[in-house]
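Novice: Quick one: the structure is below, questions incoming.
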Amino acid sequence: MAGIEVLHAFFRRHRYARHAHEGMTLALVDSGAAAFECAGREHVVPAGAAFVIRPGEPHTGRAATPEGYRYRVLYVEPDFVGEMLGSTTVTSRLPDSERLSSARLVHSLARAHDALTSYASALARETALLDVGRALAEQVSTGSDHADPAGRMTRVTRTALDYLHTHSDEDVTLKELARICGVGVHHLIRTFSASMGMPPHAYQTQLRVWRARTLLFEGVRPADVAHRTGFYDQAHFTRVFKRHTGVTPGQFLRSETGLSRS
């Protein structure tokens, strides 16, 4: 099914650099405990619980204990979020990040992963994913509204984002970006960081990683991906990619890593 990526992984020492995803992240911790920081708060998620991170929310990730953690993740691409949740307004009611212990949601996530990583029919996979969406929508329906990240953006941030998206593979300078936005360099950094949770250079790196994932899935060789996304060389690309995703570009596409796109 287009619009969904699946990751099954075990991490002990790996630490995710601060990053964000274009779409929604739904994770189920199977063993150990995971920890992540988002919106200035530290979260610890034990085995048997799940957590969700909204599209575009910067966060980190690591093991909460020396024993590490095993987890399964659904990355839901932006165009599919509304379809899966049955509403385009559900994500605006999600908090920046949330630990979820609803038995219904946990069970529906487990069933969805089973369907996506087996020989289940397309009908079974789609039904399982929509059930996850219903379970999540039910959980947030009784909560209070939360501000959408887009609502925090100023004109400066929107202009900078548009430019970075258009020139993600180019060596954009702060002076160039500030000139496009019509402000000084220091004002740009303060405003952009306040809206996006990271400075412009970190956001551009993230855009490159997002683009790299798409190219890898399309069958482009890692060396060519590195060149086409603006990294210095393949070694630089590999280091940055692993820091953001937890796996190397080669591992990203190997079935034994447990990563697949449906």
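Numbering starts fresh at 1 for the residues of each chain in the structure tokens, the chains themselves are lettered A, B, ... in the order given, and ligands are numbered from 1 as they appear.
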Name all residues at most 12 Å from Arg15 in chain A (count only C-alpha atoms; drop same-chain ones fewer than 5 positions away) and give them as a count of residues only.
Specialist: 19
Novice: So that I can see what lies close to range 210-219 of chain A, please list as a PyMOL selection string the residues with an atom at most 9 Å from it, counting only C-alpha atoms and leaving out residues fewer than 6 positions away in the same chain.
Specialist: chain A and resi 21-22+168+225-226+228-229+241+249-250+252-253+261
Novice: Store the residues picked out above in a file with N, CA and C atoms, as a PDB file, in the first residue's frame.
Specialist:
```pdb
ATOM      1  N   HIS A  21       9.907  13.972  10.644  1.00  0.00           N
ATOM      2  CA  HIS A  21       9.428  13.210   9.497  1.00  0.00           C
ATOM      3  C   HIS A  21       8.338  14.003   8.789  1.00  0.00           C
ATOM      4  N   GLU A  22       8.282  13.851   7.480  1.00  0.00           N
ATOM      5  CA  GLU A  22       7.232  14.528   6.717  1.00  0.00           C
ATOM      6  C   GLU A  22       5.850  14.071   7.159  1.00  0.00           C
ATOM      7  N   SER A 168      17.046  22.251  -1.917  1.00  0.00           N
ATOM      8  CA  SER A 168      17.549  21.361  -0.861  1.00  0.00           C
ATOM      9  C   SER A 168      18.903  20.748  -1.188  1.00  0.00           C
ATOM     10  N   VAL A 225      22.713   8.775  -5.285  1.00  0.00           N
ATOM     11  CA  VAL A 225      21.819   9.470  -4.355  1.00  0.00           C
ATOM     12  C   VAL A 225      22.580  10.564  -3.621  1.00  0.00           C
ATOM     13  N   ALA A 226      23.779  10.240  -3.152  1.00  0.00           N
ATOM     14  CA  ALA A 226      24.603  11.219  -2.437  1.00  0.00           C
ATOM     15  C   ALA A 226      24.833  12.453  -3.297  1.00  0.00           C
ATOM     16  N   ARG A 228      23.044  13.480  -5.952  1.00  0.00           N
ATOM     17  CA  ARG A 228      21.805  14.157  -6.339  1.00  0.00           C
ATOM     18  C   ARG A 228      21.129  14.885  -5.188  1.00  0.00           C
ATOM     19  N   THR A 229      21.476  14.548  -3.955  1.00  0.00           N
ATOM     20  CA  THR A 229      20.834  15.188  -2.800  1.00  0.00           C
ATOM     21  C   THR A 229      21.721  16.223  -2.115  1.00  0.00           C
ATOM     22  N   PHE A 241      22.838   9.810   6.925  1.00  0.00           N
ATOM     23  CA  PHE A 241      21.650   8.975   6.762  1.00  0.00           C
ATOM     24  C   PHE A 241      21.461   8.059   7.966  1.00  0.00           C
ATOM     25  N   PRO A 249      22.379   3.429   4.203  1.00  0.00           N
ATOM     26  CA  PRO A 249      21.577   3.344   2.979  1.00  0.00           C
ATOM     27  C   PRO A 249      21.440   1.919   2.456  1.00  0.00           C
ATOM     28  N   GLY A 250      22.522   1.131   2.536  1.00  0.00           N
ATOM     29  CA  GLY A 250      22.442  -0.250   2.085  1.00  0.00           C
ATOM     30  C   GLY A 250      21.505  -1.078   2.943  1.00  0.00           C
ATOM     31  N   PHE A 252      19.084  -0.004   4.606  1.00  0.00           N
ATOM     32  CA  PHE A 252      17.736   0.539   4.444  1.00  0.00           C
ATOM     33  C   PHE A 252      16.899  -0.301   3.486  1.00  0.00           C
ATOM     34  N   LEU A 253      17.555  -0.879   2.503  1.00  0.00           N
ATOM     35  CA  LEU A 253      16.824  -1.612   1.477  1.00  0.00           C
ATOM     36  C   LEU A 253      16.922  -3.122   1.597  1.00  0.00           C
ATOM     37  N   ARG A 261       8.609  -0.985   2.336  1.00  0.00           N
ATOM     38  CA  ARG A 261       7.608   0.015   1.960  1.00  0.00           C
ATOM     39  C   ARG A 261       6.456  -0.727   1.331  1.00  0.00           C
TER      40      ARG A 261
END
```
Novice: When you look at Arg70 in chain A with a cut-off of 7 Å (counting only C-alpha atoms), what residues show up, excluding the ones that are within fewer than 5 positions of it in the same chain? I need them as a list in words.
Specialist: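 Returned residues: Ala9, Phe10, Phe11, Val29, Asp30, Ser31 and Gly32 of chain A.
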Novice: Those selected residues, please, written with N, CA and C atoms and delivered as an mmCIF file, in the first residue's frame.
Specialist:
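As a result, out-v9.cif now contains:
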```cif
data_model
loop_
_atom_site.group_PDB
_atom_site.id
_atom_site.type_symbol
_atom_site.label_atom_id
_atom_site.label_comp_id
_atom_site.auth_asym_id
_atom_site.auth_seq_id
_atom_site.Cartn_x
_atom_site.Cartn_y
_atom_site.Cartn_z
ATOM 1 N N ALA A 9 13.106 -2.840 14.282
ATOM 2 C CA ALA A 9 14.516 -2.676 14.630
ATOM 3 C C ALA A 9 14.766 -2.915 16.108
ATOM 4 N N PHE A 10 16.026 -3.250 16.407
ATOM 5 C CA PHE A 10 16.506 -3.332 17.788
ATOM 6 C C PHE A 10 17.697 -2.399 17.906
ATOM 7 N N PHE A 11 17.662 -1.503 18.891
ATOM 8 C CA PHE A 11 18.755 -0.564 19.114
ATOM 9 C C PHE A 11 19.206 -0.632 20.569
ATOM 10 N N VAL A 29 6.532 -0.318 21.067
ATOM 11 C CA VAL A 29 7.716 -0.878 21.721
ATOM 12 C C VAL A 29 7.405 -2.305 22.162
ATOM 13 N N ASP A 30 8.204 -3.265 21.683
ATOM 14 C CA ASP A 30 7.964 -4.679 21.988
ATOM 15 C C ASP A 30 8.761 -5.172 23.188
ATOM 16 N N SER A 31 9.967 -4.635 23.387
ATOM 17 C CA SER A 31 10.783 -5.051 24.534
ATOM 18 C C SER A 31 11.706 -3.912 24.926
ATOM 19 N N GLY A 32 12.167 -3.932 26.183
ATOM 20 C CA GLY A 32 13.004 -2.849 26.668
ATOM 21 C C GLY A 32 12.200 -1.579 26.853
#
```
Novice: Please measure the separation of CA of Pro46 in chain A and CA of Leu26 in chain A, giving the value in Å to one decimal.
Specialist: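 Between these atoms lies a distance of 14.6 Å.
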Novice: Residues at most 9 Å from Gly23 in chain A, counting only C-alpha atoms, excluding those fewer than 6 positions away in the same chain, as an mmCIF file with N, CA and C atoms, in the first residue's frame?
Specialist:
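New file result34.cif:
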```
data_model
loop_
_atom_site.group_PDB
_atom_site.id
_atom_site.type_symbol
_atom_site.label_atom_id
_atom_site.label_comp_id
_atom_site.auth_asym_id
_atom_site.auth_seq_id
_atom_site.Cartn_x
_atom_site.Cartn_y
_atom_site.Cartn_z
ATOM 1 N N ILE A 53 4.158 10.598 16.957
ATOM 2 C CA ILE A 53 4.791 11.896 16.759
ATOM 3 C C ILE A 53 4.176 12.521 15.513
ATOM 4 N N ARG A 54 3.741 13.749 15.658
ATOM 5 C CA ARG A 54 3.056 14.423 14.553
ATOM 6 C C ARG A 54 4.002 14.719 13.396
ATOM 7 N N PRO A 55 3.456 14.903 12.200
ATOM 8 C CA PRO A 55 4.285 15.302 11.059
ATOM 9 C C PRO A 55 5.033 16.604 11.350
ATOM 10 N N GLY A 56 6.315 16.623 11.020
ATOM 11 C CA GLY A 56 7.102 17.842 11.151
ATOM 12 C C GLY A 56 7.612 18.172 12.528
ATOM 13 N N TYR A 75 5.595 4.595 9.446
ATOM 14 C CA TYR A 75 5.762 5.963 8.972
ATOM 15 C C TYR A 75 4.662 6.210 7.937
ATOM 16 N N VAL A 76 3.752 7.098 8.280
ATOM 17 C CA VAL A 76 2.593 7.359 7.422
ATOM 18 C C VAL A 76 2.838 8.652 6.656
ATOM 19 N N GLU A 77 2.957 8.548 5.349
ATOM 20 C CA GLU A 77 3.275 9.709 4.530
ATOM 21 C C GLU A 77 2.133 10.723 4.545
ATOM 22 N N PRO A 78 2.470 12.018 4.358
ATOM 23 C CA PRO A 78 1.468 13.085 4.509
ATOM 24 C C PRO A 78 0.180 12.862 3.731
ATOM 25 N N ASP A 79 0.288 12.433 2.480
ATOM 26 C CA ASP A 79 -0.907 12.278 1.647
ATOM 27 C C ASP A 79 -1.835 11.172 2.137
ATOM 28 N N PHE A 80 -1.302 10.267 2.970
ATOM 29 C CA PHE A 80 -2.100 9.126 3.421
ATOM 30 C C PHE A 80 -2.633 9.311 4.838
ATOM 31 N N VAL A 81 -2.120 10.317 5.563
ATOM 32 C CA VAL A 81 -2.525 10.500 6.959
ATOM 33 C C VAL A 81 -4.030 10.711 7.075
#
```
Novice: Applying 7 Å and only C-alpha atoms, which residues near range 170-175 of chain A remain after dropping the ones on its own chain fewer than 3 positions away? List them as JSON, numbers by chain.
Specialist: {"A": [167, 178, 179, 185, 230]}
Novice: Would you kindly return, as a list in words, each protein, DNA or RNA residue with an atom no farther than 12 Å from any atom of Val183 in chain A, considering only C-alpha atoms and excluding same-chain residues fewer than 3 positions away?
Specialist: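 Listed by chain and then number, they are Arg155, Val156, Thr157, Thr159, Ala160, Leu174, Lys175, Glu176, Leu177, Ala178, Arg179, Ile180, His186, His187, Leu188, Ile189, Arg190, Thr191 and Phe192 of chain A.
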Novice: How far is it from CA of Arg104 in chain A to CA of Glu57 in chain A, in Å with one decimal?
Specialist: 24.9 Å
Novice: Write down as number ranges by chain the residues of range 40-260 of chain A whose backbone DSSP state falls under alpha helix (DSSP H).
Specialist: A: 78-85, 90-93, 103-116, 122-141, 155-166, 174-181, 185-196, 200-217, 222-228, 234-245, 249-253
Novice: Kindly give the distance, in Å, that separates CA of Gln234 in chain A and CA of Thr248 in chain A, rounded to a single decimal.
Specialist: 10.9 Å
Novice: Which neighbours of Thr127 in chain A fall inside 12 Å, counting only C-alpha atoms, when residues of the same chain fewer than 5 positions from it are skipped, and could you give them as a list in words?
Specialist: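 Contacts, with the query itself left out: Met1, Glu83, Met84, Ser108, Leu109, Arg111, Ala112, His113, Ala115, Leu116, Ala120, Ser121, Ala122, Val132, Gly133 and Arg134 of chain A.
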Novice: Rank A:Ala50, A:Cys38, A:Ala235, A:Leu207 by their smallest atom-to-atom distance to Leu74 in chain A, using only C-alpha atoms, and report the top residue only.
Specialist: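 Using only C-alpha atoms, Leu74 in chain A sits closest to A:Ala50.
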Novice: In terms of the shortest atom-to-atom distance over only C-alpha atoms, which of A:Ala135, A:Ala47, A:Leu123, A:Ala103 is closest to Gly86 in chain A?
Specialist: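 Between A:Ala135, A:Ala47, A:Leu123, A:Ala103, the residue approaching Gly86 in chain A most closely is A:Ala135.
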Novice: Pick from A:Leu7, A:Leu105, A:Thr117, A:Glu42: nearest to Tyr71 in chain A, with only C-alpha atoms counted?
Specialist: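 Of A:Leu7, A:Leu105, A:Thr117, A:Glu42, the one nearest Tyr71 in chain A is A:Leu7, counting only C-alpha atoms.
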